[in-house]
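K.L.:
To be precise about what I am sending: the file is called model.txt and holds compact mmCIF, C-alpha atoms and all ligand atoms.
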```txt
# COMPACT_ATOMS: atom_id res chain seq x y z
CA MET A 434 -10.60 1.81 2.77
CA TYR A 435 -7.07 2.72 3.96
CA THR A 436 -5.57 4.86 1.18
CA TYR A 437 -2.12 6.12 0.23
CA ASP A 438 -3.23 9.59 1.40
CA ASN A 439 -4.21 8.11 4.78
CA LEU A 440 -0.70 6.68 5.00
CA LYS A 441 0.87 10.04 4.13
CA ASP A 442 -1.21 11.67 6.89
CA ASP A 443 -0.05 9.04 9.37
CA ILE A 444 3.58 9.50 8.30
CA ALA A 445 3.26 13.28 8.78
CA TYR A 446 1.64 12.82 12.17
CA LEU A 447 4.28 10.36 13.39
CA THR A 448 7.10 12.57 12.07
CA PHE A 449 5.61 15.58 13.87
CA GLY A 450 5.54 13.48 17.04
CA GLY A 451 9.26 12.84 16.81
CA VAL A 452 9.13 9.33 15.35
CA GLU A 453 11.71 8.51 12.66
CA THR A 454 10.11 8.08 9.24
CA GLY A 455 11.49 7.97 5.72
CA SER A 456 11.27 6.29 2.35
CA ILE A 457 12.91 3.03 1.26
CA GLY A 458 12.59 4.14 -2.38
CA LYS A 459 10.05 5.02 -5.03
CA SER A 460 7.39 3.02 -6.82
CA LEU A 461 7.17 2.76 -10.60
CA LEU A 462 5.07 5.96 -10.66
CA GLY A 463 7.45 7.76 -8.30
CA ASN A 464 5.44 7.42 -5.09
CA ASP A 465 7.42 7.03 -1.88
CA ILE A 466 7.44 3.66 -0.16
CA TYR A 467 7.42 4.94 3.40
CA TYR A 468 8.88 3.41 6.53
CA VAL A 469 8.45 4.16 10.23
CA HIS A 470 11.15 3.21 12.71
CA VAL A 471 10.30 2.54 16.34
CA GLY A 472 12.53 1.26 19.12
CA GLN A 473 16.28 0.94 19.43
CA LYS A 474 18.51 1.97 16.53
CA ASP A 475 21.67 0.25 17.72
CA ALA A 476 19.94 -3.06 18.48
CA LYS A 477 18.86 -5.94 16.29
CA GLN A 478 16.14 -4.98 13.80
CA VAL A 479 12.86 -6.48 12.57
CA ILE A 480 11.12 -5.49 9.32
CA ILE A 481 7.32 -5.65 9.11
CA THR A 482 5.72 -5.06 5.69
CA GLY A 483 2.16 -4.67 4.45
CA GLY A 484 0.31 -3.63 1.33
CA ILE A 485 2.40 -5.50 -1.22
CA HIS A 486 -0.84 -6.68 -2.84
CA ALA A 487 -3.08 -3.85 -3.96
CA ARG A 488 -6.42 -5.29 -2.85
CA GLU A 489 -4.93 -6.04 0.59
CA ASN A 490 -4.01 -2.43 1.34
CA ALA A 491 -5.88 -2.67 4.65
CA THR A 492 -2.83 -4.57 5.85
CA ALA A 493 -1.09 -1.16 5.66
CA ALA A 494 -3.48 0.08 8.34
CA ALA A 495 -2.59 -2.93 10.49
CA VAL A 496 1.14 -2.19 10.18
CA VAL A 497 0.77 1.55 10.89
CA LEU A 498 -1.32 0.83 13.97
CA GLN A 499 1.42 -1.50 15.24
CA ALA A 500 3.87 1.39 14.94
CA TYR A 501 1.53 3.67 16.92
CA ALA A 502 1.07 0.99 19.58
CA LEU A 503 4.80 0.42 19.97
CA LYS A 504 6.08 3.99 19.86
CA ASP A 505 5.55 4.80 23.54
CA GLU A 506 6.76 1.46 24.85
CA GLN A 507 10.19 0.19 25.77
CA THR A 508 11.52 -2.45 23.42
CA LYS A 509 14.89 -4.13 23.22
CA LEU A 510 14.72 -4.50 19.43
CA GLY A 511 14.24 -1.97 16.65
CA PHE A 512 11.30 -2.19 14.23
CA TYR A 513 11.10 -0.91 10.68
CA PHE A 514 7.47 -0.78 9.59
CA VAL A 515 6.95 -0.57 5.81
CA PRO A 516 3.15 -0.34 5.65
CA MET A 517 2.54 -0.01 1.90
CA VAL A 518 5.07 -1.68 -0.40
CA ASN A 519 2.77 -1.17 -3.40
CA PRO A 520 1.47 2.43 -3.27
CA ASP A 521 0.61 2.49 -7.00
CA GLY A 522 -1.60 -0.56 -6.57
CA ALA A 523 -3.39 1.09 -3.65
CA LEU A 524 -3.93 4.23 -5.75
CA LEU A 525 -5.30 2.14 -8.62
CA ILE A 526 -7.87 0.56 -6.34
CA GLU A 527 -8.85 3.91 -4.89
CA LYS A 528 -8.81 6.18 -7.95
CA GLY A 529 -8.93 3.89 -10.98
CA ALA A 530 -6.81 3.73 -14.14
CA ALA A 531 -6.58 7.52 -14.54
CA ALA A 532 -4.17 7.57 -11.58
CA MET A 533 -1.74 5.22 -13.38
CA GLY A 534 -0.21 7.82 -15.72
CA LYS A 535 1.33 6.19 -18.79
CA TYR A 536 0.23 2.75 -17.58
CA ALA A 537 -3.49 3.69 -17.62
CA GLU A 538 -4.22 1.92 -20.91
CA LEU A 539 -2.21 -1.14 -19.92
CA VAL A 540 -4.04 -1.69 -16.63
CA LYS A 541 -7.43 -1.22 -18.30
CA ARG A 542 -6.59 -3.74 -21.01
CA VAL A 543 -5.13 -6.26 -18.56
CA ASN A 544 -8.03 -5.87 -16.15
CA GLY A 545 -10.72 -6.00 -18.82
CA GLY A 546 -12.83 -3.33 -17.14
CA ASP A 547 -12.89 -0.42 -14.71
CA ASP A 548 -13.47 -2.34 -11.50
CA PHE A 549 -10.00 -2.76 -9.98
CA SER A 550 -11.15 -3.91 -6.54
CA MET A 551 -9.59 -7.38 -6.99
CA TRP A 552 -6.25 -6.13 -8.43
CA LYS A 553 -3.07 -7.32 -6.63
CA ALA A 554 -0.21 -6.19 -8.91
CA ASN A 555 1.69 -2.91 -9.44
CA ALA A 556 1.13 -0.28 -12.13
CA ARG A 557 2.51 -2.44 -14.93
CA ALA A 558 0.66 -5.56 -13.84
CA VAL A 559 3.56 -7.35 -12.13
CA ASP A 560 2.67 -9.18 -8.90
CA LEU A 561 5.36 -7.94 -6.51
CA ASN A 562 5.08 -10.96 -4.25
CA VAL A 563 6.17 -13.36 -7.00
CA ASN A 564 8.90 -11.04 -8.32
CA CYS A 565 11.59 -11.77 -5.71
CA ASP A 566 14.57 -14.05 -6.30
CA ALA A 567 13.30 -17.27 -4.71
CA LYS A 568 12.57 -20.13 -7.12
CA PHE A 569 11.50 -17.40 -9.52
CA GLY A 570 8.74 -18.47 -11.91
CA GLN A 571 8.24 -21.88 -10.30
CA GLY A 572 5.22 -21.08 -8.15
CA LYS A 573 1.73 -22.38 -8.42
CA GLY A 574 -0.39 -19.66 -10.05
CA ASN A 575 2.61 -17.90 -11.64
CA VAL A 576 1.84 -16.43 -15.05
CA PHE A 577 4.19 -15.00 -17.65
CA PHE A 578 2.18 -12.13 -19.06
CA PRO A 579 0.83 -8.94 -17.43
CA SER A 580 -2.09 -9.82 -15.16
CA PRO A 581 -4.05 -8.44 -12.17
CA HIS A 582 -2.21 -11.12 -10.13
CA GLY A 583 0.44 -13.80 -10.54
CA TYR A 584 2.68 -12.20 -13.21
CA VAL A 585 6.29 -12.76 -12.14
CA GLY A 586 7.76 -9.93 -14.26
CA GLU A 587 10.68 -10.12 -16.67
CA TYR A 588 13.31 -11.18 -14.14
CA PRO A 589 13.75 -11.32 -10.34
CA PHE A 590 13.50 -7.88 -8.71
CA SER A 591 12.64 -6.26 -12.07
CA GLU A 592 10.27 -3.85 -10.30
CA PRO A 593 11.40 -0.71 -8.44
CA GLU A 594 9.25 -1.67 -5.43
CA THR A 595 10.83 -5.12 -4.92
CA ALA A 596 14.32 -3.83 -5.73
CA ALA A 597 13.86 -1.12 -3.07
CA LEU A 598 12.65 -3.69 -0.54
CA ARG A 599 15.60 -5.98 -1.29
CA ASP A 600 18.17 -3.17 -0.96
CA PHE A 601 16.55 -1.89 2.21
CA THR A 602 16.58 -5.40 3.70
CA LEU A 603 20.23 -5.96 2.79
CA ASP A 604 21.03 -2.59 4.36
CA VAL A 605 19.08 -3.15 7.61
CA ARG A 606 20.08 -6.82 7.92
CA PRO A 607 17.03 -7.72 10.03
CA ILE A 608 16.95 -10.72 12.33
CA PHE A 609 13.31 -11.40 11.42
CA THR A 610 10.68 -10.21 8.95
CA VAL A 611 6.88 -10.31 8.90
CA SER A 612 4.91 -9.94 5.66
CA TYR A 613 1.23 -9.10 6.04
CA HIS A 614 -1.28 -10.43 3.56
CA ALA A 615 -5.02 -11.19 3.61
CA LEU A 616 -6.97 -13.46 4.16
CA GLY A 617 -6.93 -16.78 6.01
CA ARG A 618 -5.80 -16.37 9.64
CA GLU A 619 -2.64 -18.34 8.86
CA VAL A 620 1.09 -18.09 9.59
CA TYR A 621 3.43 -19.40 6.85
CA TRP A 622 7.09 -19.86 7.68
CA GLN A 623 8.96 -22.48 5.62
CA PHE A 624 10.89 -22.16 2.37
CA GLY A 625 13.63 -24.36 0.89
CA ASP A 626 15.88 -26.22 3.34
CA GLY A 627 17.21 -23.27 5.31
CA ASN A 628 14.78 -23.47 8.21
CA ARG A 629 15.92 -24.09 11.78
CA LYS A 630 14.14 -25.61 14.72
CA ALA A 631 13.74 -22.22 16.38
CA ASP A 632 12.02 -20.86 13.24
CA LYS A 633 9.33 -23.49 13.50
CA ILE A 634 8.73 -22.81 17.18
CA MET A 635 8.70 -19.06 16.48
CA ALA A 636 5.96 -19.54 13.84
CA GLU A 637 4.03 -21.82 16.18
CA ARG A 638 4.15 -19.31 19.03
CA ILE A 639 3.14 -16.40 16.78
CA ALA A 640 0.21 -18.46 15.49
CA ASP A 641 -0.81 -19.31 19.07
CA PHE A 642 -0.59 -15.65 20.10
CA LEU A 643 -2.88 -14.59 17.24
CA GLY A 644 -5.20 -17.57 17.39
CA TYR A 645 -4.18 -18.37 13.79
CA LYS A 646 -3.09 -21.63 12.18
CA LYS A 647 0.60 -22.37 11.51
CA VAL A 648 1.03 -23.72 7.98
CA ASP A 649 4.05 -25.94 7.21
CA GLY A 650 5.70 -26.37 3.84
CA GLU A 651 6.19 -23.98 0.97
CA LEU A 652 3.06 -25.18 -0.87
CA MET A 653 4.43 -24.31 -4.32
CA SER A 654 4.95 -20.72 -3.26
CA ALA A 655 7.79 -18.89 -5.04
CA GLY A 656 9.14 -15.39 -5.50
CA GLY A 657 7.64 -13.99 -2.31
CA TYR A 658 9.45 -11.53 -0.05
CA LYS A 659 9.22 -13.99 2.84
CA ASP A 660 10.54 -16.75 0.56
CA TRP A 661 13.53 -14.63 -0.41
CA CYS A 662 14.20 -13.69 3.22
CA VAL A 663 14.24 -17.35 4.30
CA LEU A 664 16.58 -18.27 1.41
CA SER A 665 18.80 -15.36 2.45
CA GLY A 666 19.09 -16.74 5.98
CA ILE A 667 16.57 -14.35 7.61
CA PRO A 668 13.83 -16.11 9.59
CA ALA A 669 10.53 -14.82 8.22
CA VAL A 670 6.80 -15.37 8.33
CA THR A 671 3.85 -14.41 6.17
CA ILE A 672 0.73 -13.64 8.15
CA GLU A 673 -2.60 -13.91 6.38
CA ILE A 674 -4.73 -11.59 8.45
CA GLY A 675 -8.52 -11.88 8.63
CA ASP A 676 -11.12 -14.58 8.31
CA GLU A 677 -11.42 -16.09 4.83
CA LYS A 678 -15.19 -15.69 5.12
CA VAL A 679 -15.09 -11.86 4.95
CA GLY A 680 -13.94 -12.09 1.30
CA HIS A 681 -11.94 -9.70 -0.91
CA PRO A 682 -11.40 -6.82 -1.13
CA ALA A 683 -10.37 -7.06 2.52
CA THR A 684 -11.12 -3.55 3.74
CA GLU A 685 -9.94 -2.11 7.04
CA GLU A 686 -13.53 -2.27 8.32
CA LYS A 687 -13.74 -6.01 7.61
CA LEU A 688 -10.39 -6.65 9.29
CA ARG A 689 -10.93 -4.53 12.39
CA GLN A 690 -11.06 -7.39 14.87
CA ASP A 691 -7.99 -9.04 13.37
CA ILE A 692 -6.05 -5.76 13.27
CA GLU A 693 -6.73 -5.52 17.00
CA ARG A 694 -5.40 -9.06 17.54
CA ASN A 695 -2.20 -8.20 15.66
CA LEU A 696 -1.63 -4.84 17.35
CA ARG A 697 0.86 -6.06 19.94
CA LEU A 698 2.68 -8.61 17.81
CA PRO A 699 5.95 -6.59 17.76
CA ALA A 700 6.23 -6.82 21.55
CA LYS A 701 5.49 -10.55 21.33
CA ILE A 702 8.16 -11.00 18.65
CA THR A 703 10.68 -9.26 20.93
CA GLU A 704 9.82 -11.58 23.81
CA LEU A 705 9.97 -14.68 21.60
CA TRP A 706 13.22 -13.60 19.98
CA TYR A 707 15.01 -13.49 23.30
CA GLU A 708 13.40 -16.70 24.49
CA LEU A 709 14.06 -18.77 21.35
CA TYR A 710 17.13 -17.33 19.65
CA GLU A 711 19.14 -15.55 22.32
CA SER A 712 18.67 -17.89 25.26
CA GLY A 713 20.76 -20.73 23.86
CA ASN A 714 17.96 -23.13 24.73
CA ILE A 715 16.83 -23.81 21.21
CA ARG A 716 19.63 -23.02 18.86
CA GLY A 717 20.31 -23.97 15.27
CA VAL A 718 19.25 -26.96 13.21
ZN ZN A 801 -1.30 -11.06 -0.59
```
Would you write out, as structure tokens, the structure that this file holds?
P.N.:
Amino acid sequence: MYTYDNLKDDIAYLTFGGVETGSIGKSLLGNDIYYVHVGQKDAKQVIITGGIHARENATAAAVVLQAYALKDEQTKLGFYFVPMVNPDGALLIEKGAAAMGKYAELVKRVNGGDDFSMWKANARAVDLNVNCDAKFGQGKGNVFFPSPHGYVGEYPFSEPETAALRDFTLDVRPIFTVSYHALGREVYWQFGDGNRKADKIMAERIADFLGYKKVDGELMSAGGYKDWCVLSGIPAVTIEIGDEKVGHPATEEKLRQDIERNLRLPAKITELWYELYESGNIRGV
């Protein structure tokens, strides 16, 4: 299992090696939501996130390994890697309710037991990937009470984790974002009517590169980070890493082969960006 402590070790190691790292803000329990920056600072930027769902914290390992793979290469873009958007959720899975401070009783009650291995939400049982301002509360599977998954929260961006991610995104103004989830070996790209022809081709080419399936349509999704990015005019994809068959919780061990497949995606995104968006060949609509 890839833990929050593992991430802190990786952040320390990368920082020691001269890589820029930092925090986009704090979680509900005051844990840093770390970022790693690799590549050009004065170029266009891409944001890659993982670990927004607690039980999918192995996606954090995938994102960190991408940063390691890219750090010694030349790239024309800049990449902000935010490996673990939901550190409290990862700590809950690893250490149980006792690690949730004043929310310990709440998570136990909501979960109905001590086995948190299927938990997706944050420390007060809000699902961060339905808490963003994108058709808030209209998604399939949304619920309106604290829950291990699907609770939208009181209002859009009510949680410190999603508010931090929003502010960071508005600050960085990325040209593209990738949100890692598990499982399914799928690439989701559409939301609302703001999608352009190049976005579709981008999703198609990413799916081809990974050997995953491109999935069209928003499929009653709402409130996701990728959904909000697309509505905000930022091309974005959600990548469901790993074969459905391995089942949840999707540990790093189970995802090893897929993490390997995704390792060089940042370089591929750079290549595709210049081919599709900067070339003038496939522009707009
Ligand atoms: Zn997820």
K.L.:
For Ser456 of chain A, which of A:Ala537, A:Leu498, A:Met434, A:Ala597 is the closest residue, counting only C-alpha atoms?
P.N.:
A:Ala597
K.L.:
Counting all atoms listed in the file, write as a list in words all protein and nucleic acid residues lying at most 9 Å from (5.9, -13.5, -0.8) in the file's frame.
P.N.:
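Result, sorted by chain then residue number: Ile485, Leu561, Asn562, Val563, Asn564, Cys565, Ser612, His614, Ser654, Ala655, Gly656, Gly657, Tyr658, Lys659, Asp660, Trp661 and Thr671 of chain A.
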K.L.:
Could you tell me, counting all atoms listed in the file, which protein and nucleic acid residues lie no more than 10 Å from ligand ZN 801 (chain A), written as a count of residues only?
P.N.:
25
K.L.:
Which one is closest to Ile692 of chain A: A:Lys630, A:Arg618, A:Lys541, A:Arg606? Count only C-alpha atoms.
P.N.:
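Looking only at the distances to Ile692 of chain A, the closest residue turns out to be A:Arg618.
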K.L.:
Have a look at atom CA of Leu598 of chain A and atom CA of Asp649 of chain A and let me know their distance in Å, one decimal.
P.N.:
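Taking atom CA of Leu598 of chain A as the start and atom CA of Asp649 of chain A as the end point, the length is 25.1 Å.
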K.L.:
Adding 6 Å on each side of the box along x, y and z that holds all listed atoms of segment 547-565 of chain A, could you give its centre and edge lengths in Å to one decimal, as lines of an AutoDock Vina configuration file?
P.N.:
```
center_x = -0.9
center_y = -6.8
center_z = -9.6
size_x = 37.1
size_y = 25.1
size_z = 22.7
```
K.L.:
So, counting all atoms listed in the file, which residue among A:Ala669, A:Leu643, A:Ala523, A:Ile608 is closest to Trp622 of chain A?
P.N.:
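Of A:Ala669, A:Leu643, A:Ala523, A:Ile608, the one nearest Trp622 of chain A, counting all atoms listed in the file, is A:Ala669.
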K.L.:
Go through segment 439-496 of chain A residue by residue and, counting all atoms listed in the file, keep those with an atom at most 10 Å from segment 700-706 of chain A; for each kept residue give the shortest atom pair and its distance in Å to one decimal, ordered by chain and increasing number, as a tab-separated table.
P.N.:
```
residue	atom	partner	partner_atom	distance
A:Lys477	CA	A:Thr703	CA	10.0
A:Gln478	CA	A:Thr703	CA	9.9
A:Val479	CA	A:Ile702	CA	8.9
```
K.L.:
Please provide as a PyMOL selection string all residues within 8 Å of Val620 of chain A, with the sequence filter that same-chain residues fewer than 6 positions apart are discarded (counting all atoms listed in the file).
P.N.:
chain A and resi 636+639-640+645-648+670-673
K.L.:
How far is it from atom CA of Asn439 of chain A to atom CA of Lys509 of chain A, in Å with one decimal?
P.N.:
29.2 Å
